[in-house]
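A short write-up of the structure that comes next.
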Amino acid sequence: FYIDIGCQNPIANSNTYLLHKKGWTGMNIDLDQKNIDLFNLSRPNDINLCLALSSSNEIKNLYFYHEGSAVNSLSHELPNYKNDSPTIKKIKTHIFNNVLEQYNIKNIDYLNIDVEGHELEVLKGFNIKKYNPKVISIEYLDLSLKKLEFKNNNIENVLNSDIYNYFINNNYSFVSWSHSDLIFISNDFRD
């Protein structure tokens, strides 16, 4: 069972597409209804939700570039993409734990979180010890870099990041890095 937060597209750049093709099912969450409409068409057996996840249930600013954009975000710290200025919209946020309880989710084999700089806020609303996903990929944007490109990344910045420390302190090991995604494995799942 997978959960893809910030799922954006069911095929293009999807970390869960191949799992879906192999017969896995899961939950896909995105704050853009058009993206969820695509998931409803291509993955009707999954739970597809148009929600914004954060650390609290409240109204927050959404930095909105356009429908279907991969960079719409609740984070105001993102670099200005393509010199575009986002429109600021208001959006209701939800706590991840509450969504899991509402849908009676007990087991998570793979968790993907890609919410453009708002990842730690999503994790604040998640009981990682209770759900203990086996494998987690999470977007890491190093905003200290002049240009957000993989070739500019620095492992020291990753090892000193709040995201890295969160997982290490919660019984996970850092095992890989692909583009802007850090991969962690639960130590309970490792051999």
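To be explicit about the labels: the chains of the structure tokens are called A, B, and onward in the order shown, and within each one the residues are counted from 1, while ligands get numbers from 1 in the order they are shown.
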When you look at segment 121-135 of chain A with a cut-off of 9 Å (counting only C-alpha atoms), what residues show up, excluding the ones that are within fewer than 3 positions of it in the same chain? I need them as a tab-separated table (two decimals) with C-alpha atoms, in the first residue's frame.
chain	number	residue	atom	x	y	z
A	53	LEU	CA	-1.83	18.60	4.35
A	54	SER	CA	-0.06	20.52	7.08
A	55	SER	CA	0.58	20.51	10.82
A	56	SER	CA	-2.87	21.88	11.70
A	94	HIS	CA	-5.76	18.98	7.10
A	95	ILE	CA	-3.65	16.89	9.47
A	96	PHE	CA	-2.27	13.72	7.88
A	97	ASN	CA	-3.07	11.52	10.91
A	98	ASN	CA	-6.73	12.55	10.73
A	105	ILE	CA	-5.35	3.11	7.05
A	106	LYS	CA	-3.30	0.72	9.17
A	107	ASN	CA	-0.29	-0.15	7.01
A	108	ILE	CA	1.95	1.95	4.76
A	109	ASP	CA	4.58	0.13	2.73
A	110	TYR	CA	5.75	3.17	0.76
A	111	LEU	CA	5.24	6.85	1.54
A	112	ASN	CA	6.16	9.61	-0.91
A	113	ILE	CA	6.01	13.26	0.18
A	115	VAL	CA	4.97	19.24	-1.35
A	117	GLY	CA	9.11	22.84	0.83
A	118	HIS	CA	6.19	22.04	3.16
A	166	TYR	CA	13.78	13.87	11.73
A	170	ASN	CA	12.69	8.19	14.30
A	171	ASN	CA	14.54	4.91	13.62
A	183	ILE	CA	15.15	7.84	0.47
A	184	PHE	CA	14.82	6.47	4.00
A	185	ILE	CA	14.17	2.89	5.15
A	186	SER	CA	12.69	1.93	8.49
A	187	ASN	CA	15.32	0.16	10.58
A	188	ASP	CA	12.60	-2.35	11.51
A	189	PHE	CA	12.34	-3.30	7.81
A	190	ARG	CA	16.06	-3.64	7.17
Subject >> All helix (DSSP H, G or I) residues (DSSP, backbone) inside segment 35-177 of chain A, as a PyMOL selection string >> reply: chain A and resi 35-42+81-83+96-102+119-124+128-131+150-152+155-159+162-168
Subject >> DSSP strand (DSSP E) residues within segment 19-176 of chain A, as JSON, numbers by chain >> reply: {"A": [26, 27, 28, 29, 30, 47, 48, 49, 50, 52, 53, 54, 59, 60, 61, 62, 63, 64, 87, 88, 89, 90, 91, 92, 93, 94, 95, 110, 111, 112, 113, 135, 136, 137, 138, 139, 172, 173, 174, 175, 176]}
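Excluding Ala12 of chain A itself and same-chain residues fewer than 4 positions from it, the residues having an atom within 12 Å of it are Cys7, Gln8, Thr16, Tyr17, Leu18, Asn35, Leu38, Phe39, Gly68 and Ala70 of chain A, counting only C-alpha atoms.
The space separating atom CA of Ile47 of chain A from atom CA of Lys60 of chain A comes to 24.1 Å.
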**OP:** Could you tell me how far atom CA of Lys22 of chain A lies from atom CA of Tyr140 of chain A, in Å and to one decimal?
**Re:** 27.2 Å
Original post:
In Å, how far is it from atom CA of Pro86 of chain A to atom CA of Tyr63 of chain A?
Top reply: 5.4 Å
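Each of A:Leu148, A:Val175, A:Val99, A:Ala52 was compared to Met27 of chain A using only C-alpha atoms, and A:Val99 turns out to be the nearest.
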Original post:
Out of A:Gln33, A:Asn40, A:Thr93, A:Thr25, which residue has the shortest atom-to-atom distance to Glu67 of chain A when counting only C-alpha atoms?
Top reply: A:Gln33
